[in-house]
Amino acid sequence: MLVETETDALPIVKVVAALFRRSLSVPGVASRTARVKGVAALKSATDPQAATFRLLGDRIEVERGVATDAAVVITADLNDSSVKPKVEGAARHPALALTVGKLLEPPIGPWRVETKRFMEAALKRSDCPKPIRVNVAGDATYEQYGGDGQPAIDIYGASDQLASSMAGSSLLIESVLAEDVSIIGDLRDLSTLTGYGIANLFGEL
């Protein structure tokens with residue numbers, strides 16, 4: 001199933017489209033989604049950001065703003081996933097609301113799976129620092145990417161937080177600032193990885 005956006009898509013449109021593509025890559029999700037048609041929207045509870053998504057059977061179109069024909073509107077704090085979203089229209093359109101809710105929350109795989117996928121894409125960039133070692137905090141478990149020897153960057157975090165950061169569900173720099181993840185390395189390299197994280201969030205890595 002295709003996920004299409006405007007050519008000049010805003011960041012929230014890119015993020016929503018990337019989430020949808022990740023969800024639709026899970027076996028069975030695309031076929032189930034194809035049976036549900038309708039228009040829904042996501043808007044921020046704290047700023048003007050908003051996106052509308054049209055489920056059209058063979059594709060999903062994502063556009064900016066809240067369309068007047070949106071049957072389901074989800075209002076969420078885009079900076080705090082612990083705040084429960086407000087959903088309007090779910091009682092009248094339960095299948096649409098449930099389908100969209102699941103598309104917006106793609107499953108996150110084990111930390112090794114998500115880290116491998118992220119690092120393989122990052123290492124294709126010419127400016128990627130290497131090697132990079134990813135360590136499970138409080139454990140001797142780690143994986144190293146981009147060669148052997150002393151790593152240019154060491155990343156430490158709990159396995160679930162590492163998985164979230166590498167999957168694009170949270171930005172690496174945000175995890176560092178929240179002290180959920182720690183990094184030993186050059187600030188320039190952290191900036192480079194942050195850029196990769198943003199590209200990953202937009203589905204462009």
# chains A, B, ... in the order shown; residues from 1 in each chain; ligands from 1
>>> residues_around(residues="Pro131 in chain A", least_positions_apart="3", cutoff="10 Å", atoms="only C-alpha atoms", output="list in words")
Leu123, Cys128, Gln144, Tyr145, Gly146, Gly147, Asp148, Gly149, Gln150, Pro151, Ala152, Ile153 and Asp154 of chain A
>>> atom_distance(atom1="CA of Thr75 in chain A", atom2="CA of Thr46 in chain A")
9.3 Å
>>> select_by_dssp(residues="range 39-198 of chain A", states="alpha helix (DSSP H)", output="PyMOL selection string")
chain A and resi 94-103+111-122+159-167+172-177+187-198
>>> closest_residue(among="A:Met166, A:Val13, A:Val100, A:Ala50", to="Gly197 in chain A", atoms="only C-alpha atoms")
A:Met166
>>> residues_around(residues="Tyr156 in chain A", least_positions_apart="2", cutoff="8 Å", atoms="only C-alpha atoms", output="VMD selection string")
chain A and resid 134 to 137 154 158 162 181 to 183
>>> closest_residue(among="A:Ala45, A:Ala167, A:Ile132, A:Ala140", to="Ile184 in chain A", atoms="only C-alpha atoms")
A:Ile132
>>> closest_residue(among="A:Asp47, A:Glu204, A:Glu88, A:Glu61", to="Leu2 in chain A", atoms="only C-alpha atoms")
A:Glu61
>>> select_by_dssp(residues="range 118-184 of chain A", states="strand (DSSP E)", output="count of residues only")
18
>>> decode(residues="range 43-154 of chain A", atoms="C-alpha atoms", output="mmCIF file, in the first residue's frame")
data_model
loop_
_atom_site.group_PDB
_atom_site.id
_atom_site.type_symbol
_atom_site.label_atom_id
_atom_site.label_comp_id
_atom_site.auth_asym_id
_atom_site.auth_seq_id
_atom_site.Cartn_x
_atom_site.Cartn_y
_atom_site.Cartn_z
ATOM 1 C CA LYS A 43 -3.424 17.662 15.645
ATOM 2 C CA SER A 44 -1.089 18.878 18.335
ATOM 3 C CA ALA A 45 -2.515 19.881 21.688
ATOM 4 C CA THR A 46 0.264 22.405 22.243
ATOM 5 C CA ASP A 47 0.892 24.093 18.871
ATOM 6 C CA PRO A 48 -0.658 24.504 15.378
ATOM 7 C CA GLN A 49 0.813 21.318 13.893
ATOM 8 C CA ALA A 50 -1.775 19.074 12.238
ATOM 9 C CA ALA A 51 -2.071 16.456 9.514
ATOM 10 C CA THR A 52 -4.983 14.792 7.740
ATOM 11 C CA PHE A 53 -4.837 11.247 6.365
ATOM 12 C CA ARG A 54 -7.182 9.805 3.776
ATOM 13 C CA LEU A 55 -7.491 6.015 3.756
ATOM 14 C CA LEU A 56 -8.486 5.192 0.185
ATOM 15 C CA GLY A 57 -8.149 1.408 0.034
ATOM 16 C CA ASP A 58 -5.073 1.086 -2.173
ATOM 17 C CA ARG A 59 -3.229 4.073 -0.698
ATOM 18 C CA ILE A 60 -3.124 6.617 2.108
ATOM 19 C CA GLU A 61 -2.770 10.324 1.353
ATOM 20 C CA VAL A 62 -1.282 12.535 4.072
ATOM 21 C CA GLU A 63 -1.706 16.313 3.900
ATOM 22 C CA ARG A 64 -1.253 19.314 6.180
ATOM 23 C CA GLY A 65 -3.939 20.691 8.498
ATOM 24 C CA VAL A 66 -7.262 19.283 9.693
ATOM 25 C CA ALA A 67 -9.629 18.734 6.762
ATOM 26 C CA THR A 68 -13.268 19.710 7.206
ATOM 27 C CA ASP A 69 -14.350 16.187 6.224
ATOM 28 C CA ALA A 70 -12.237 14.436 8.877
ATOM 29 C CA ALA A 71 -14.515 11.936 10.623
ATOM 30 C CA VAL A 72 -12.005 11.183 13.391
ATOM 31 C CA VAL A 73 -9.736 13.801 14.964
ATOM 32 C CA ILE A 74 -6.982 12.835 17.406
ATOM 33 C CA THR A 75 -5.588 15.617 19.596
ATOM 34 C CA ALA A 76 -2.306 14.657 21.244
ATOM 35 C CA ASP A 77 0.679 16.150 23.022
ATOM 36 C CA LEU A 78 3.301 15.376 20.386
ATOM 37 C CA ASN A 79 6.106 15.998 22.886
ATOM 38 C CA ASP A 80 4.798 13.748 25.666
ATOM 39 C CA SER A 81 3.512 10.294 24.771
ATOM 40 C CA SER A 82 2.482 9.678 28.396
ATOM 41 C CA VAL A 83 -0.437 12.124 27.968
ATOM 42 C CA LYS A 84 -3.513 10.267 26.751
ATOM 43 C CA PRO A 85 -4.770 11.638 23.414
ATOM 44 C CA LYS A 86 -8.311 12.958 22.973
ATOM 45 C CA VAL A 87 -10.196 11.222 20.165
ATOM 46 C CA GLU A 88 -13.276 12.760 18.565
ATOM 47 C CA GLY A 89 -15.533 10.695 16.306
ATOM 48 C CA ALA A 90 -14.445 7.264 17.545
ATOM 49 C CA ALA A 91 -17.962 6.308 18.680
ATOM 50 C CA ARG A 92 -19.393 6.828 15.187
ATOM 51 C CA HIS A 93 -16.359 5.528 13.290
ATOM 52 C CA PRO A 94 -14.738 2.881 15.532
ATOM 53 C CA ALA A 95 -13.004 0.932 12.747
ATOM 54 C CA LEU A 96 -11.391 4.083 11.333
ATOM 55 C CA ALA A 97 -10.298 5.311 14.766
ATOM 56 C CA LEU A 98 -8.816 1.919 15.689
ATOM 57 C CA THR A 99 -7.025 1.528 12.369
ATOM 58 C CA VAL A 100 -5.512 5.006 12.438
ATOM 59 C CA GLY A 101 -4.503 4.619 16.091
ATOM 60 C CA LYS A 102 -2.571 1.460 15.281
ATOM 61 C CA LEU A 103 -0.944 2.993 12.193
ATOM 62 C CA LEU A 104 0.342 5.883 14.303
ATOM 63 C CA GLU A 105 2.042 3.476 16.729
ATOM 64 C CA PRO A 106 4.139 1.011 14.721
ATOM 65 C CA PRO A 107 5.617 -1.826 16.751
ATOM 66 C CA ILE A 108 9.220 -1.453 17.896
ATOM 67 C CA GLY A 109 11.439 -4.484 17.518
ATOM 68 C CA PRO A 110 14.206 -5.683 19.867
ATOM 69 C CA TRP A 111 17.063 -3.229 20.347
ATOM 70 C CA ARG A 112 19.462 -5.281 18.241
ATOM 71 C CA VAL A 113 17.039 -5.362 15.301
ATOM 72 C CA GLU A 114 16.274 -1.619 15.417
ATOM 73 C CA THR A 115 19.922 -0.678 15.992
ATOM 74 C CA LYS A 116 21.142 -2.826 13.102
ATOM 75 C CA ARG A 117 18.602 -1.276 10.735
ATOM 76 C CA PHE A 118 19.500 2.277 11.811
ATOM 77 C CA MET A 119 23.255 1.722 11.735
ATOM 78 C CA GLU A 120 23.256 0.033 8.337
ATOM 79 C CA ALA A 121 21.516 3.092 6.891
ATOM 80 C CA ALA A 122 23.727 5.557 8.807
ATOM 81 C CA LEU A 123 26.972 3.883 7.739
ATOM 82 C CA LYS A 124 26.069 4.482 4.091
ATOM 83 C CA ARG A 125 26.532 8.219 4.741
ATOM 84 C CA SER A 126 30.014 9.478 3.947
ATOM 85 C CA ASP A 127 30.182 11.640 7.096
ATOM 86 C CA CYS A 128 29.149 8.885 9.497
ATOM 87 C CA PRO A 129 31.582 8.562 12.429
ATOM 88 C CA LYS A 130 32.891 5.038 12.900
ATOM 89 C CA PRO A 131 33.115 2.685 14.610
ATOM 90 C CA ILE A 132 29.979 3.127 16.745
ATOM 91 C CA ARG A 133 29.348 0.894 19.735
ATOM 92 C CA VAL A 134 25.872 0.541 21.243
ATOM 93 C CA ASN A 135 25.816 -0.764 24.822
ATOM 94 C CA VAL A 136 22.983 -1.960 27.044
ATOM 95 C CA ALA A 137 23.400 0.008 30.279
ATOM 96 C CA GLY A 138 24.271 -2.086 33.315
ATOM 97 C CA ASP A 139 25.041 -5.056 31.094
ATOM 98 C CA ALA A 140 28.055 -6.342 29.220
ATOM 99 C CA THR A 141 25.940 -6.653 26.073
ATOM 100 C CA TYR A 142 26.877 -4.475 23.103
ATOM 101 C CA GLU A 143 27.045 -4.354 19.318
ATOM 102 C CA GLN A 144 29.672 -2.488 17.309
ATOM 103 C CA TYR A 145 29.189 -1.129 13.802
ATOM 104 C CA GLY A 146 31.534 0.288 11.199
ATOM 105 C CA GLY A 147 34.659 -1.688 11.996
ATOM 106 C CA ASP A 148 36.732 -2.959 14.888
ATOM 107 C CA GLY A 149 38.952 -1.080 17.285
ATOM 108 C CA GLN A 150 38.290 1.820 19.611
ATOM 109 C CA PRO A 151 34.833 3.276 18.880
ATOM 110 C CA ALA A 152 34.465 6.911 17.875
ATOM 111 C CA ILE A 153 31.154 6.938 19.744
ATOM 112 C CA ASP A 154 29.863 4.841 22.631
#
